[in-house]
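Enquirer: Dropping in entry_5.csv, which is CSV, C-alpha atoms:
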chain,number,residue,atom,x,y,z
A,322,MET,CA,71.8,81.7,-3.2
A,323,LEU,CA,71.6,80.2,-6.7
A,324,ASN,CA,74.0,81.0,-9.6
A,325,ASP,CA,74.3,79.4,-13.1
A,326,TYR,CA,77.2,80.0,-15.4
A,327,SER,CA,77.4,79.0,-19.1
A,328,LYS,CA,80.6,80.8,-20.0
A,329,LEU,CA,83.3,82.3,-17.9
A,330,HIS,CA,84.7,85.7,-19.0
A,331,GLN,CA,88.3,86.2,-17.9
A,332,GLN,CA,90.2,89.4,-18.9
A,333,GLY,CA,88.0,89.7,-22.1
A,334,VAL,CA,88.5,86.1,-23.1
A,335,VAL,CA,85.5,83.8,-23.2
A,336,THR,CA,86.3,80.3,-22.1
A,337,ASP,CA,83.8,77.5,-23.1
A,338,MET,CA,82.9,75.2,-20.3
A,339,GLU,CA,80.0,73.1,-19.1
A,340,PRO,CA,77.6,75.2,-17.1
A,341,ILE,CA,78.3,75.1,-13.4
A,342,ARG,CA,75.4,75.6,-11.0
A,343,LEU,CA,76.2,76.6,-7.4
A,344,ALA,CA,73.7,77.2,-4.6
A,345,VAL,CA,74.4,77.6,-0.9
A,346,ASN,CA,72.5,77.8,2.4
A,347,GLY,CA,73.4,77.7,6.1
A,348,ARG,CA,72.0,77.9,9.5
A,349,THR,CA,73.2,77.9,13.1
A,350,ASP,CA,71.2,77.3,16.2
A,351,ILE,CA,71.9,77.7,20.0
A,352,GLY,CA,70.4,74.2,20.7
A,353,GLN,CA,68.3,73.3,23.8
A,354,VAL,CA,70.8,73.6,26.6
A,355,ARG,CA,73.5,76.2,26.0
A,356,GLU,CA,73.0,79.8,27.0
A,357,GLU,CA,75.2,81.1,24.2
A,358,ASN,CA,75.8,80.1,20.6
A,359,GLU,CA,79.6,79.6,20.2
A,360,ASP,CA,79.3,78.5,16.6
A,361,SER,CA,79.8,80.8,13.6
A,362,ILE,CA,78.8,80.1,10.0
A,363,ARG,CA,79.4,82.0,6.8
A,364,TRP,CA,78.3,81.1,3.2
A,365,HIS,CA,78.6,82.8,-0.1
A,366,SER,CA,78.0,82.2,-3.8
A,367,ASP,CA,79.4,84.7,-6.3
A,368,SER,CA,76.9,86.4,-8.7
A,369,SER,CA,79.4,86.6,-11.6
A,370,HIS,CA,81.7,83.6,-11.3
A,371,PRO,CA,81.5,79.9,-10.5
A,372,PHE,CA,82.7,80.5,-7.0
A,373,ALA,CA,81.2,79.6,-3.6
A,374,TYR,CA,82.2,78.7,-0.1
A,375,VAL,CA,80.9,77.5,3.3
A,376,ILE,CA,82.7,78.1,6.6
A,377,VAL,CA,81.8,76.6,10.0
A,378,ALA,CA,83.6,77.3,13.2
A,379,ASP,CA,82.8,75.8,16.7
A,380,GLY,CA,84.2,77.9,19.5
A,381,MET,CA,85.3,76.8,23.0
A,382,GLY,CA,86.6,78.6,26.0
A,383,GLY,CA,84.0,79.7,28.5
A,384,TYR,CA,81.7,82.7,28.7
A,385,SER,CA,81.9,84.7,25.4
A,386,GLY,CA,85.4,83.3,24.6
A,387,GLY,CA,84.2,80.5,22.3
A,388,ALA,CA,81.9,82.8,20.4
A,389,MET,CA,84.6,85.4,19.9
A,390,ALA,CA,87.1,82.8,18.7
A,391,SER,CA,84.7,81.3,16.2
A,392,GLN,CA,83.7,84.7,14.9
A,393,ILE,CA,87.3,85.7,14.4
A,394,ALA,CA,88.0,82.6,12.5
A,395,ALA,CA,84.9,82.8,10.3
A,396,ASP,CA,85.3,86.5,9.6
A,397,THR,CA,89.0,86.2,8.7
A,398,LEU,CA,88.4,83.4,6.2
A,399,GLN,CA,85.4,85.2,4.8
A,400,GLN,CA,87.5,88.4,4.2
A,401,HIS,CA,90.3,86.5,2.5
A,402,LEU,CA,88.0,84.5,0.3
A,403,ASN,CA,85.9,87.6,-0.7
A,404,GLU,CA,89.1,89.3,-1.8
A,405,LEU,CA,90.3,86.4,-3.9
A,406,LEU,CA,88.6,87.0,-7.2
A,407,GLY,CA,90.6,90.0,-8.4
A,408,ASP,CA,92.1,90.7,-11.8
A,409,THR,CA,95.3,88.8,-11.0
A,410,PHE,CA,93.4,85.6,-10.0
A,411,LEU,CA,91.0,85.8,-13.0
A,412,SER,CA,93.8,86.2,-15.5
A,413,CYS,CA,95.7,83.1,-14.3
A,414,SER,CA,95.6,79.6,-15.6
A,415,PRO,CA,93.3,77.0,-13.8
A,416,GLN,CA,96.4,75.4,-12.3
A,417,GLN,CA,97.6,78.7,-11.0
A,418,GLN,CA,94.2,79.5,-9.6
A,419,GLN,CA,94.0,76.3,-7.7
A,420,LEU,CA,97.4,77.0,-6.1
A,421,MET,CA,96.3,80.6,-5.3
A,422,LEU,CA,93.1,79.3,-3.7
A,423,ARG,CA,95.0,76.8,-1.5
A,424,ALA,CA,97.5,79.5,-0.6
A,425,ALA,CA,94.7,81.9,0.3
A,426,LEU,CA,93.2,79.4,2.7
A,427,ILE,CA,96.5,78.7,4.3
A,428,GLU,CA,97.2,82.4,4.8
A,429,ALA,CA,93.7,83.0,6.1
A,430,ILE,CA,93.8,80.2,8.6
A,431,GLY,CA,97.2,81.4,9.8
A,432,ASN,CA,96.0,84.9,10.2
A,433,ALA,CA,92.9,83.7,12.1
A,434,ASN,CA,95.0,81.7,14.4
A,435,GLN,CA,97.3,84.7,15.1
A,436,ARG,CA,94.3,87.0,15.8
A,437,ILE,CA,92.9,84.6,18.3
A,438,VAL,CA,96.3,84.1,20.0
A,439,GLU,CA,96.8,87.9,20.2
A,440,THR,CA,93.3,88.4,21.6
A,441,LYS,CA,94.0,85.8,24.3
A,442,ASN,CA,97.3,87.6,25.2
A,443,THR,CA,95.6,91.0,25.6
A,444,ARG,CA,92.4,89.8,27.2
A,445,PRO,CA,93.2,87.3,30.0
A,446,GLN,CA,89.5,86.5,30.5
A,447,PHE,CA,89.6,84.7,27.2
A,448,SER,CA,92.8,82.8,27.9
A,449,GLN,CA,91.1,79.4,27.2
A,450,MET,CA,89.4,80.2,24.0
A,451,GLY,CA,89.9,78.5,20.7
A,452,THR,CA,87.8,77.1,17.8
A,453,THR,CA,87.5,74.3,15.3
A,454,LEU,CA,87.2,75.2,11.7
A,455,VAL,CA,86.0,73.6,8.5
A,456,ALA,CA,85.8,75.4,5.1
A,457,ALA,CA,84.9,74.2,1.7
A,458,VAL,CA,85.5,76.3,-1.4
A,459,VAL,CA,84.5,75.6,-5.0
A,460,TRP,CA,86.0,77.4,-7.9
A,461,GLN,CA,84.7,76.0,-11.2
A,462,GLU,CA,85.0,72.2,-10.7
A,463,PHE,CA,87.8,72.5,-8.2
A,464,LEU,CA,87.0,71.7,-4.6
A,465,VAL,CA,89.3,72.5,-1.7
A,466,VAL,CA,88.5,71.6,2.0
A,467,ALA,CA,90.4,72.9,5.0
A,468,HIS,CA,89.7,71.8,8.6
A,469,ILE,CA,91.1,71.7,12.1
A,470,GLY,CA,89.3,70.0,15.0
A,471,ASP,CA,86.1,67.9,14.8
A,472,SER,CA,83.8,70.0,12.6
A,473,ARG,CA,83.2,68.0,9.4
A,474,ALA,CA,82.7,68.1,5.7
A,475,TYR,CA,80.8,65.5,3.8
A,476,LEU,CA,80.1,65.0,0.1
A,477,TRP,CA,76.9,63.2,-1.1
A,478,ASN,CA,76.1,62.1,-4.6
A,479,ALA,CA,74.6,59.2,-6.5
A,480,TYR,CA,77.4,57.0,-5.2
A,481,GLY,CA,76.5,57.7,-1.6
A,482,LEU,CA,78.1,59.6,1.3
A,483,GLN,CA,81.8,60.4,1.7
A,484,ARG,CA,83.3,62.0,4.7
A,485,LEU,CA,86.0,64.4,3.4
A,486,THR,CA,87.5,65.2,6.8
A,487,ARG,CA,89.0,63.2,9.6
A,488,ASP,CA,88.3,64.4,13.1
A,489,HIS,CA,91.2,65.7,15.1
A,490,SER,CA,89.9,64.1,18.3
A,491,VAL,CA,90.9,61.6,21.0
A,492,VAL,CA,88.2,59.1,20.0
A,493,GLN,CA,89.2,59.3,16.3
A,494,GLU,CA,92.8,58.3,17.3
A,495,MET,CA,91.3,55.5,19.4
A,496,ILE,CA,89.3,54.4,16.3
A,497,ASP,CA,92.4,54.5,14.2
A,498,SER,CA,94.3,52.4,16.7
A,499,GLY,CA,91.5,49.8,17.1
A,500,GLN,CA,90.6,50.7,20.7
A,501,LEU,CA,87.1,51.9,19.8
A,502,THR,CA,84.6,51.1,17.1
A,503,PRO,CA,82.8,54.1,15.4
A,504,GLU,CA,79.6,53.1,17.3
A,505,GLN,CA,81.4,53.0,20.6
A,506,ALA,CA,83.0,56.4,19.9
A,507,GLN,CA,79.6,57.9,19.3
A,508,GLN,CA,78.7,57.1,22.9
A,509,SER,CA,82.1,57.8,24.5
A,510,GLN,CA,82.3,60.3,27.4
A,511,ILE,CA,85.4,61.9,25.7
A,512,ARG,CA,83.9,62.2,22.2
A,513,ASN,CA,84.2,66.0,22.4
A,514,HIS,CA,87.9,66.1,23.3
A,515,ILE,CA,89.7,67.5,20.3
A,516,THR,CA,93.5,67.3,19.6
A,517,ARG,CA,93.8,70.4,17.4
A,518,ALA,CA,92.1,73.8,17.3
A,519,LEU,CA,92.8,77.3,16.2
A,520,GLY,CA,94.2,79.7,18.8
A,521,VAL,CA,95.8,77.0,21.0
A,522,THR,CA,99.4,77.2,19.7
A,523,GLU,CA,101.4,79.8,17.7
A,524,ASP,CA,101.2,77.7,14.6
A,525,ALA,CA,98.0,76.3,13.3
A,526,GLU,CA,98.0,72.7,11.9
A,527,PRO,CA,95.0,72.5,9.5
A,528,VAL,CA,94.6,69.7,7.0
A,529,ILE,CA,93.9,70.9,3.4
A,530,ASN,CA,92.8,68.5,0.6
A,531,SER,CA,91.5,69.1,-2.9
A,532,TRP,CA,89.5,67.2,-5.5
A,533,LYS,CA,88.0,67.7,-8.9
A,534,LEU,CA,84.2,67.5,-9.0
A,535,THR,CA,83.0,65.5,-12.1
A,536,GLU,CA,79.3,64.9,-11.1
A,537,ASP,CA,76.5,66.6,-9.4
A,538,ALA,CA,77.0,66.7,-5.6
A,539,LEU,CA,75.9,68.1,-2.3
A,540,LEU,CA,78.4,69.3,0.2
A,541,LEU,CA,77.5,69.4,3.9
A,542,LEU,CA,79.6,71.2,6.5
A,543,CYS,CA,78.6,70.9,10.2
A,544,SER,CA,79.7,71.3,13.8
A,545,ASP,CA,79.7,68.4,16.2
A,546,GLY,CA,76.4,69.6,17.6
A,547,LEU,CA,75.0,67.8,14.6
A,548,THR,CA,77.2,64.7,14.4
A,549,GLU,CA,76.8,64.1,18.2
A,550,TYR,CA,73.2,62.9,17.3
A,551,LEU,CA,73.2,62.0,13.6
A,552,ASP,CA,75.7,59.3,12.4
A,553,ASP,CA,76.8,59.0,8.8
A,554,HIS,CA,73.8,56.8,7.9
A,555,CYS,CA,71.3,59.3,9.2
A,556,ILE,CA,73.1,62.2,7.4
A,557,GLU,CA,73.2,60.2,4.1
A,558,ARG,CA,69.4,59.5,4.4
A,559,VAL,CA,68.6,63.2,4.8
A,560,LEU,CA,70.8,64.3,2.0
A,561,ALA,CA,69.4,61.6,-0.3
A,562,THR,CA,65.8,62.3,0.3
A,563,HIS,CA,65.2,65.8,1.6
A,564,ARG,CA,64.1,68.2,-1.2
A,565,PRO,CA,64.7,71.1,-1.8
A,566,ALA,CA,68.2,70.0,-0.9
A,567,LEU,CA,69.2,73.4,0.4
A,568,GLU,CA,66.5,73.3,3.1
A,569,SER,CA,68.0,70.1,4.6
A,570,VAL,CA,69.9,72.5,6.9
A,571,TYR,CA,66.6,73.1,8.7
A,572,ARG,CA,65.9,69.4,8.9
A,573,PHE,CA,69.4,68.7,10.4
A,574,ILE,CA,68.9,71.5,13.0
A,575,ASP,CA,65.5,70.2,14.0
A,576,ASP,CA,66.6,66.6,14.2
A,577,ALA,CA,69.5,67.4,16.5
A,578,ASN,CA,67.3,69.6,18.7
A,579,GLN,CA,64.6,66.9,19.0
A,580,LEU,CA,67.3,64.4,20.0
A,581,GLY,CA,68.5,66.6,22.8
A,582,GLY,CA,70.3,69.6,21.4
A,583,ARG,CA,72.9,69.6,24.1
A,584,ASP,CA,75.3,71.7,22.0
A,585,ASN,CA,75.1,74.5,19.4
A,586,ILE,CA,74.3,73.2,16.0
A,587,SER,CA,75.5,74.5,12.6
A,588,ALA,CA,75.0,73.1,9.1
A,589,GLY,CA,75.9,74.6,5.7
A,590,ILE,CA,74.9,73.1,2.3
A,591,MET,CA,76.4,73.6,-1.1
A,592,GLU,CA,74.9,72.2,-4.3
A,593,PHE,CA,77.2,71.7,-7.2
A,594,SER,CA,76.0,70.8,-10.7
A,595,ASN,CA,78.0,70.6,-13.9
A,596,ARG,CA,76.0,69.5,-16.9
A,597,PRO,CA,75.3,70.6,-20.5
A,598,GLU,CA,71.6,71.1,-20.0
A,599,ALA,CA,71.9,73.2,-16.8
A,600,VAL,CA,69.8,76.3,-16.9
A,601,ALA,CA,68.5,78.7,-14.3
A,602,ARG,CA,65.8,76.9,-12.3
A,603,ALA,CA,64.3,76.7,-8.8
A,604,VAL,CA,66.4,75.2,-6.1
A,605,ASP,CA,63.8,72.5,-5.4
A,606,ASP,CA,64.9,70.7,-8.5
A,607,ALA,CA,66.6,67.4,-7.8
A,608,ILE,CA,70.1,67.5,-9.3
A,609,THR,CA,71.6,64.1,-8.8
A,610,LEU,CA,72.3,62.1,-11.9
A,611,LYS,CA,72.4,58.3,-12.1
A,612,PRO,CA,75.9,56.8,-11.6
A,613,LYS,CA,78.1,56.3,-14.7
A,614,LYS,CA,80.0,53.1,-14.9
A,615,ASP,CA,83.7,53.1,-14.3
A,616,ASP,CA,83.6,56.8,-13.2
A,617,VAL,CA,84.8,58.3,-10.0
A,618,THR,CA,82.9,61.4,-8.8
A,619,VAL,CA,85.5,62.9,-6.6
A,620,ARG,CA,89.2,62.5,-7.5
A,621,LYS,CA,92.2,63.6,-5.4
A,622,SER,CA,94.0,66.2,-7.4
Output the file's structure as structure tokens, nothing else.

Expert:
Amino acid sequence: MLNDYSKLHQQGVVTDMEPIRLAVNGRTDIGQVREENEDSIRWHSDSSHPFAYVIVADGMGGYSGGAMASQIAADTLQQHLNELLGDTFLSCSPQQQQLMLRAALIEAIGNANQRIVETKNTRPQFSQMGTTLVAAVVWQEFLVVAHIGDSRAYLWNAYGLQRLTRDHSVVQEMIDSGQLTPEQAQQSQIRNHITRALGVTEDAEPVINSWKLTEDALLLLCSDGLTEYLDDHCIERVLATHRPALESVYRFIDDANQLGGRDNISAGIMEFSNRPEAVARAVDDAITLKPKKDDVTVRKS
């Protein structure tokens, strides 16, 4: 999906702003070993406003349970986000809109967690199910990322690759405490053991962070079926060189499958561009600008 915006109309008021270009794409694949795809992915770019999102959930819990949990999570977030751009939201100030967006994510994640727990309580065959979740939402130049578990969000631009999430996993805790190096963690037998997930307890514990985007960027969201095989250096190389950028999701899926594909693999890409000369153009256009001195591309809000 590709959308360009030169002016934003809110309640009859035209607000001048630099054109924002958003484009999204996603793919999920069963891999080479599993008999069922327990990942779910959703992506959307609004046709009338500078608004887009990508959602990735990686389910767990045995036959059909993981698939159901990830689908519940992805569908619940999708529903809440699709309902966000109403008259009330569009009439609010940018600061209020940012608070409303964060609140919508918190509410959606809580509702998804409750739906999974209720399903487990009424269907004992799914008593072990749960899911990771990572979601990235862009409204104008405001980026908010929510995650729980070890599905990840990355940002790539002219300054390189930044990981926007920290895994909720045993090996990440061991890295933080100095017991493992990142390279050792990549080979660890417990690298898939997560410490948080949706549907495990009555109260979800997601981490939600937000930033202001000031330069062109690519956002990648993925399940651990990708990061099991591709480290950050490999991911950065693909995002820096593969064009059209949106088609890198196919490259990521193919690479993970060629390296073994032991798990389901999901990847979603969002292109963000904010520049005076932005006009409607094909998605195969490279959008990355050269770095500006003394400037920070992503700032914590």

Enquirer: Could you give me, as a list of chain:residue names, the residues within 6 Å of region 511-520 of chain A, counting only C-alpha atoms and dropping anything in the same chain fewer than 6 positions from it?

Expert: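 Surrounding residues, per the criterion: A:Asn434, A:Ile437, A:Val438, A:Gly451, A:Thr452, A:Thr453, A:Ile469, A:Gly470, A:His489, A:Ser490, A:Val491, A:Val492.
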
Enquirer: Nearest to Pro445 (chain A): which of A:Trp532, A:Gly382, A:Glu549, A:Ala425 is it, counting only C-alpha atoms?

Expert: A:Gly382

Enquirer: Between CA of Asp488 (chain A) and CA of Val570 (chain A), what is the distance, to one decimal in Å?

Expert: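 If I compute the distance from CA of Asp488 (chain A) to CA of Val570 (chain A), I get 21.0 Å.
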
Enquirer: Compare A:Gly589, A:Pro503, A:Pro415, A:Gly431 by their minimum atom-to-atom distance to Gln461 (chain A), counting all atoms listed in the file, and give me the closest one.

Expert: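 Once distances to Gln461 (chain A) are computed over all atoms listed in the file, the minimum belongs to A:Pro415.
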
Enquirer: Counting all atoms listed in the file, which residue out of A:Gln507, A:Asn346, A:Thr440, A:Gln579 sits closest to Leu541 (chain A)?

Expert: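 Ranked by minimum distance to Leu541 (chain A), first place goes to A:Asn346.
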
Enquirer: Work out how far CA of Ile376 (chain A) is from CA of Leu398 (chain A), in Å to one decimal.

Expert: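 Between these atoms lies a distance of 7.8 Å.
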
Enquirer: What gap, in Å, lies between CA of Phe463 (chain A) and CA of Arg572 (chain A)?

Expert: 28.0 Å

Enquirer: Please, which residues in region 393-504 of chain A fall within 9 Å of region 383-387 of chain A when counting only C-alpha atoms, and what is the closest atom pair and distance in Å to one decimal for each, ordered by chain then residue number, as CSV?

Expert:
residue,atom,partner,partner_atom,distance
A:Lys441,CA,A:Gly386,CA,9.0
A:Gln446,CA,A:Gly386,CA,7.9
A:Phe447,CA,A:Gly386,CA,5.1
A:Ser448,CA,A:Gly386,CA,8.1
A:Gln449,CA,A:Gly383,CA,7.2
A:Met450,CA,A:Gly386,CA,5.1
A:Gly451,CA,A:Gly387,CA,6.2
A:Thr452,CA,A:Gly387,CA,6.7

Enquirer: Point out the residue among A:Ser391, A:Gln416, A:Ser509, A:Thr548 with the least atom-to-atom distance to Lys533 (chain A), counting all atoms listed in the file.

Expert: A:Gln416

Enquirer: Of the residues A:Ser472, A:Asn432, A:Gln400, A:Asn478, which is the one nearest to Ala538 (chain A), using only C-alpha atoms?

Expert: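 Nearest candidate to Ala538 (chain A) out of A:Ser472, A:Asn432, A:Gln400, A:Asn478: A:Asn478.
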
Enquirer: Within 12 Å of Leu551 (chain A), counting all atoms listed in the file, which residues qualify if same-chain residues fewer than 4 places away don't, as a VMD selection string?

Expert: chain A and resid 504 507 to 508 543 to 547 555 to 559 572 to 582 586

Enquirer: Counting all atoms listed in the file, which of A:Leu464, A:Asp552, A:Asp537, A:Asp471 gets nearest to Asp379 (chain A)?

Expert: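 Using all atoms listed in the file, Asp379 (chain A) sits closest to A:Asp471.
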
Enquirer: Excluding same-chain residues fewer than 5 positions from Ser366 (chain A), what lies within 12 Å of it counting only C-alpha atoms, as a list in words?

Expert: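 Residues meeting the cut-off are Met322, Leu323, Asn324, Asp325, Tyr326, Ile341, Arg342, Leu343, Ala344, Val345, Asn346, Gly347, Pro371, Phe372, Ala373, Tyr374, Val375, Gln399, Leu402, Asn403, Ala457, Val458, Val459, Trp460, Gln461, Ile590, Met591, Glu592 and Phe593 of chain A.
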
Enquirer: For Thr397 (chain A), list every protein, DNA or RNA residue within 8 Å, evaluated using all atoms listed in the file, and leave out those in the same chain fewer than 6 positions away; present the list as a PyMOL selection string.

Expert: chain A and resi 429-430+432-433
